[in-house]
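These notes concern the structure reproduced below.
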Number of protein chains: 2
Amino acid sequence: MAAWSERLAGVRGVLLDISGVLHDSGEGGGVPIPGSVEALARLKRSQLKVRFCTNESQKSRGDLVGLLRHMGFDISEGEVTAPAPATCLILKERGLRPHLLIHDGIRSEFAQIDTSNPNCVVIADAGESFSYQNMNKAFQVLMELDNPVLISLGKGRYYKETSGLMLDVGAYTKALEYACGIKAEVVGKPAPGYFQSALQEMGVESHEAIMIGDDIVGDVGGAQRCGMRALQVRTGKFRSRLGGSHGPATALLLPRVPSPGCPLFSLWDV
Amino acid sequence: MAAWSERLAGVRGVLLDISGVLHDSGEGGGVPIPGSVEALARLKRSQLKVRFCTNESQKSRGDLVGLLRHMGFDISEGEVTAPAPATCLILKERGLRPHLLIHDGIRSEFAQIDTSNPNCVVIADAGESFSYQNMNKAFQVLMELDNPVLISLGKGRYYKETSGLMLDVGAYTKALEYACGIKAEVVGKPAPGYFQSALQEMGVESHEAIMIGDDIVGDVGGAQRCGMRALQVRTGKFRSRLGGSHGPATALLLPRVPSPGCPLFSLWDV
């Protein structure tokens, strides 16, 4: 195994996942992961560029940042790459009018979008709004279209809340894909274009960047396919049972104990 | 194209799907499909053996038969192959204690099954009970198991109710498969063992049997893979847009107009 100094040579920028890395979401906004407020503060004091790359699609970017700032994190809206604003750009570019299967918490992000006479469906992490009725309505809209377009904000399998593991949007996207016989377009990790836009906004090339996340597929695998390095934290949805073998990627796990020559451990001591 | 007499040569038994062939389910139990009460009566007067092979998993076999008899169909409980009783046999054989993600209408079928301390999940067409909370509970049960077992009563994509197309259990099964990284065991069409048990109960070999259904995958494709012939009706979920090309099977469609030498047309004039 290569030394940490070798593995991290040339890194100029860090992309940070939010849920499971900074905090666990949940009742009342969730809780910060112990040590993560300080870890982020240390990271920001370093020479490394920092950007947040999230698939959060239950809360607007403003609400999410407000919540995190309240927990003590040094984060601003302009530093966050999130799927809803990226989706709005795509909808406008392609003249798409979505039927929205989303959580009320993110509806404000789509305020400027024409949703009359829908010609596509946008699905996000709708949480409790994933009722049978709402799923069926989205299904019926798709089945009425000659060329059904389904845009999915991420394709996460699940995430961790303070109360336990929770089904994420990807599961419901698979349901609609199967029912309609179609394939969704993913806006969010692990879509390569999504990582690229985050790198561009940070001003760092992929070989100079490292992604830190808790999702072996969405974070680690996706980043690696874009030529980035990636680290999997042992918090959030990380489960040792799945190890590094679940999914297409092999995780470079953050060491549990201080490891000589691993600068990120001292920065990201989780 | 071969003549009907040739295509149907040697047929001794008919397996009939129920939803979309006999009736469209829906509000107040749904409505019979025009002509189907008479078609079944004619079929029963013929020399052909008849058995019903359904994936219905919202209603108990007793309730379903009661409803159909009330509509005028000549049908009894013993003539119906349904997935819930077949599942109960499997659960008992393998010592499985299910967490049930099912509709209240079918709960009575599982009255004799031990559901304490679950070591598997059984998913059926739960309809409105496919809430986020219920889906998440089933997901959490599976994630807690060392060897997660998911048994799905059919894997239909959707069915037709009087109010429109409705998502079927298969979509939700796909959601859990994806979230947990597992593969469900299907009890129901198109599982070969399910067709075989229906044929056995009818006392007819597969090459002597024909399946009549509205589902190109579950009915037509499944039956053909078992060595049976199959006819797709133009009612229920049948949609001409999908034609015979959607799914692995090629449908032999019932003719729209009387076709010389097609005895089933006069029997099943739908």
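Each chain in the structure tokens gets a letter, A, B and so on, in the order shown; residues start at 1 in every chain, and ligands are counted from 1 in the order they appear.
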
### Task
Return the neighbours of chain A among the residues of chain B, cut-off 6 Å, counting only C-alpha atoms, as a ChimeraX atom specification.
/B:128,130-132,136,157,167,171-172,174-175,178-179

### Query
Val37 of chain A: which residues within 12 Å, counting only C-alpha atoms, same-chain residues fewer than 5 positions away excluded, as a list of chain:residue names?
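In the requested form, the answer reads A:Ile18, A:Val21, A:Leu22, A:His23, A:Val31, A:Pro32, A:Arg42, A:Leu43, A:Lys44, A:Leu68, A:Arg69, A:His70, A:Met71, A:Gly72, A:Phe73, A:Asp74, A:Ile75, A:Leu267, A:Trp268, A:Asp269, A:Val270.
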
Selection file, C-alpha atoms, as a PDB file, in the first residue's frame:
```pdb
ATOM      1  CA  ILE A  18     -22.285  16.970   3.164  1.00  0.00           C
ATOM      2  CA  VAL A  21     -19.644  13.688   6.319  1.00  0.00           C
ATOM      3  CA  LEU A  22     -20.509  17.030   7.913  1.00  0.00           C
ATOM      4  CA  HIS A  23     -23.737  15.979   9.609  1.00  0.00           C
ATOM      5  CA  VAL A  31     -26.754  16.699  14.256  1.00  0.00           C
ATOM      6  CA  PRO A  32     -23.167  17.491  13.291  1.00  0.00           C
ATOM      7  CA  ARG A  42      -8.875  23.295   9.733  1.00  0.00           C
ATOM      8  CA  LEU A  43      -9.389  22.447   6.087  1.00  0.00           C
ATOM      9  CA  LYS A  44     -10.407  26.026   5.334  1.00  0.00           C
ATOM     10  CA  LEU A  68     -25.170  23.935   8.653  1.00  0.00           C
ATOM     11  CA  ARG A  69     -24.070  27.446   9.638  1.00  0.00           C
ATOM     12  CA  HIS A  70     -26.336  27.167  12.662  1.00  0.00           C
ATOM     13  CA  MET A  71     -24.432  23.988  13.599  1.00  0.00           C
ATOM     14  CA  GLY A  72     -21.179  25.953  13.396  1.00  0.00           C
ATOM     15  CA  PHE A  73     -19.926  24.992   9.914  1.00  0.00           C
ATOM     16  CA  ASP A  74     -18.000  27.568   7.871  1.00  0.00           C
ATOM     17  CA  ILE A  75     -19.996  27.258   4.636  1.00  0.00           C
ATOM     18  CA  LEU A 267      -7.627  17.746   8.769  1.00  0.00           C
ATOM     19  CA  TRP A 268     -10.486  15.329   8.632  1.00  0.00           C
ATOM     20  CA  ASP A 269     -10.203  13.464  11.875  1.00  0.00           C
ATOM     21  CA  VAL A 270     -13.545  11.713  11.902  1.00  0.00           C
TER      22      VAL A 270
END
```

### Message
For the helix (DSSP H, G or I) assignment from backbone DSSP, which residues of segment 134-209 of chain B qualify? Please present them as a PyMOL selection string.
### Response
chain B and resi 134-144+169-180+192-202+206-208

### Task
Compile the contact shell of Glu161 of chain A as JSON, numbers by chain: residues with an atom at most 9 Å away, counting only C-alpha atoms, same-chain residues fewer than 2 positions apart removed.
{"A": [19, 20, 24, 25, 26, 27, 30, 159, 163, 164, 165, 166, 236, 237]}

Give me a file of those residues, with C-alpha atoms, as a CSV table (one decimal), in the first residue's frame.
```
chain,number,residue,atom,x,y,z
A,19,SER,CA,-24.7,14.4,4.5
A,20,GLY,CA,-22.9,11.7,6.4
A,24,ASP,CA,-26.4,13.3,9.9
A,25,SER,CA,-29.7,14.7,8.8
A,26,GLY,CA,-32.9,14.0,10.8
A,27,GLU,CA,-35.4,15.3,13.2
A,30,GLY,CA,-30.1,16.5,12.4
A,159,TYR,CA,-28.7,7.8,3.5
A,163,SER,CA,-33.2,7.7,13.4
A,164,GLY,CA,-31.6,5.2,11.0
A,165,LEU,CA,-31.1,4.4,7.4
A,166,MET,CA,-33.5,6.0,5.0
A,236,GLY,CA,-22.9,8.4,7.7
A,237,LYS,CA,-24.1,5.5,5.7
```

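Going from atom CA of Gly218 of chain A to atom CA of Val14 of chain A covers 15.9 Å.
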
### Query
What gap, in Å, lies between atom CA of Leu16 of chain B and atom CA of Lys92 of chain B?
27.8 Å

### Message
What does the structure give for the distance between atom CA of Gly78 of chain B and atom CA of Cys53 of chain B, in Å to one decimal?
### Response
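We find that atom CA of Gly78 of chain B and atom CA of Cys53 of chain B lie 11.4 Å from each other.
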
### Message
Would you pick out the contacts of Met228 of chain A at 6 Å or less, using only C-alpha atoms, so that residues sharing its chain but fewer than 5 positions from it are not included, and give the list as a ChimeraX atom specification?
### Response
/A:206-207,209-210,223

### Message
Based on the backbone DSSP call, show me all residues of segment 14-219 of chain A assigned strand (DSSP E), as a VMD selection string.
### Response
chain A and resid 14 to 16 23 to 24 31 to 32 49 to 53 80 to 81 98 to 101 120 to 123 150 to 153 158 to 161 164 to 167 185 to 187 209 to 213

If you keep C-alpha atoms, can you produce a file of those selected residues as a PDB file, in the first residue's frame?
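The resulting file, selection_19.pdb, is shown below:
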```pdb
ATOM      1  CA  VAL A  14     -11.060  18.954  -1.767  1.00  0.00           C
ATOM      2  CA  LEU A  15     -14.661  18.175  -2.677  1.00  0.00           C
ATOM      3  CA  LEU A  16     -16.699  17.409   0.407  1.00  0.00           C
ATOM      4  CA  HIS A  23     -23.737  15.979   9.609  1.00  0.00           C
ATOM      5  CA  ASP A  24     -26.371  13.297   9.870  1.00  0.00           C
ATOM      6  CA  VAL A  31     -26.754  16.699  14.256  1.00  0.00           C
ATOM      7  CA  PRO A  32     -23.167  17.491  13.291  1.00  0.00           C
ATOM      8  CA  LYS A  49      -9.376  24.797  -2.101  1.00  0.00           C
ATOM      9  CA  VAL A  50     -12.661  23.523  -0.693  1.00  0.00           C
ATOM     10  CA  ARG A  51     -16.026  22.965  -2.355  1.00  0.00           C
ATOM     11  CA  PHE A  52     -19.111  21.091  -1.222  1.00  0.00           C
ATOM     12  CA  CYS A  53     -20.630  18.605  -3.649  1.00  0.00           C
ATOM     13  CA  VAL A  80     -22.158  24.417  -2.731  1.00  0.00           C
ATOM     14  CA  THR A  81     -22.802  22.367  -5.875  1.00  0.00           C
ATOM     15  CA  PRO A  98     -41.494  19.238 -15.333  1.00  0.00           C
ATOM     16  CA  HIS A  99     -44.026  17.434 -13.250  1.00  0.00           C
ATOM     17  CA  LEU A 100     -42.263  17.692  -9.883  1.00  0.00           C
ATOM     18  CA  LEU A 101     -42.095  14.675  -7.567  1.00  0.00           C
ATOM     19  CA  CYS A 120     -41.043  15.442 -18.282  1.00  0.00           C
ATOM     20  CA  VAL A 121     -40.840  14.308 -14.665  1.00  0.00           C
ATOM     21  CA  VAL A 122     -38.265  15.520 -12.148  1.00  0.00           C
ATOM     22  CA  ILE A 123     -37.792  13.231  -9.164  1.00  0.00           C
ATOM     23  CA  LEU A 150     -37.261  11.319 -16.272  1.00  0.00           C
ATOM     24  CA  ILE A 151     -34.659  13.475 -14.531  1.00  0.00           C
ATOM     25  CA  SER A 152     -33.438  12.163 -11.197  1.00  0.00           C
ATOM     26  CA  LEU A 153     -31.605  14.360  -8.695  1.00  0.00           C
ATOM     27  CA  TYR A 158     -30.095   5.336   1.031  1.00  0.00           C
ATOM     28  CA  TYR A 159     -28.695   7.764   3.534  1.00  0.00           C
ATOM     29  CA  LYS A 160     -28.364   7.852   7.260  1.00  0.00           C
ATOM     30  CA  GLU A 161     -30.577   9.970   9.448  1.00  0.00           C
ATOM     31  CA  GLY A 164     -31.592   5.163  11.039  1.00  0.00           C
ATOM     32  CA  LEU A 165     -31.054   4.372   7.366  1.00  0.00           C
ATOM     33  CA  MET A 166     -33.539   6.009   5.000  1.00  0.00           C
ATOM     34  CA  LEU A 167     -34.468   5.146   1.406  1.00  0.00           C
ATOM     35  CA  GLU A 185     -31.063  11.031 -16.617  1.00  0.00           C
ATOM     36  CA  VAL A 186     -29.163  11.617 -13.387  1.00  0.00           C
ATOM     37  CA  VAL A 187     -28.260  15.133 -12.269  1.00  0.00           C
ATOM     38  CA  ALA A 209      -8.734  16.944  -6.542  1.00  0.00           C
ATOM     39  CA  ILE A 210      -9.913  14.515  -3.904  1.00  0.00           C
ATOM     40  CA  MET A 211     -13.509  13.694  -3.036  1.00  0.00           C
ATOM     41  CA  ILE A 212     -14.409  12.884   0.565  1.00  0.00           C
ATOM     42  CA  GLY A 213     -17.723  11.102   1.029  1.00  0.00           C
TER      43      GLY A 213
END
```

### Query
So which residues touch Ser57 of chain A within 9 Å, counting only C-alpha atoms, skipping near sequence neighbours fewer than 3 positions away, as a ChimeraX atom specification?
/A:54,60-61,82-84,102-103,105-106,124-126,153-154,169
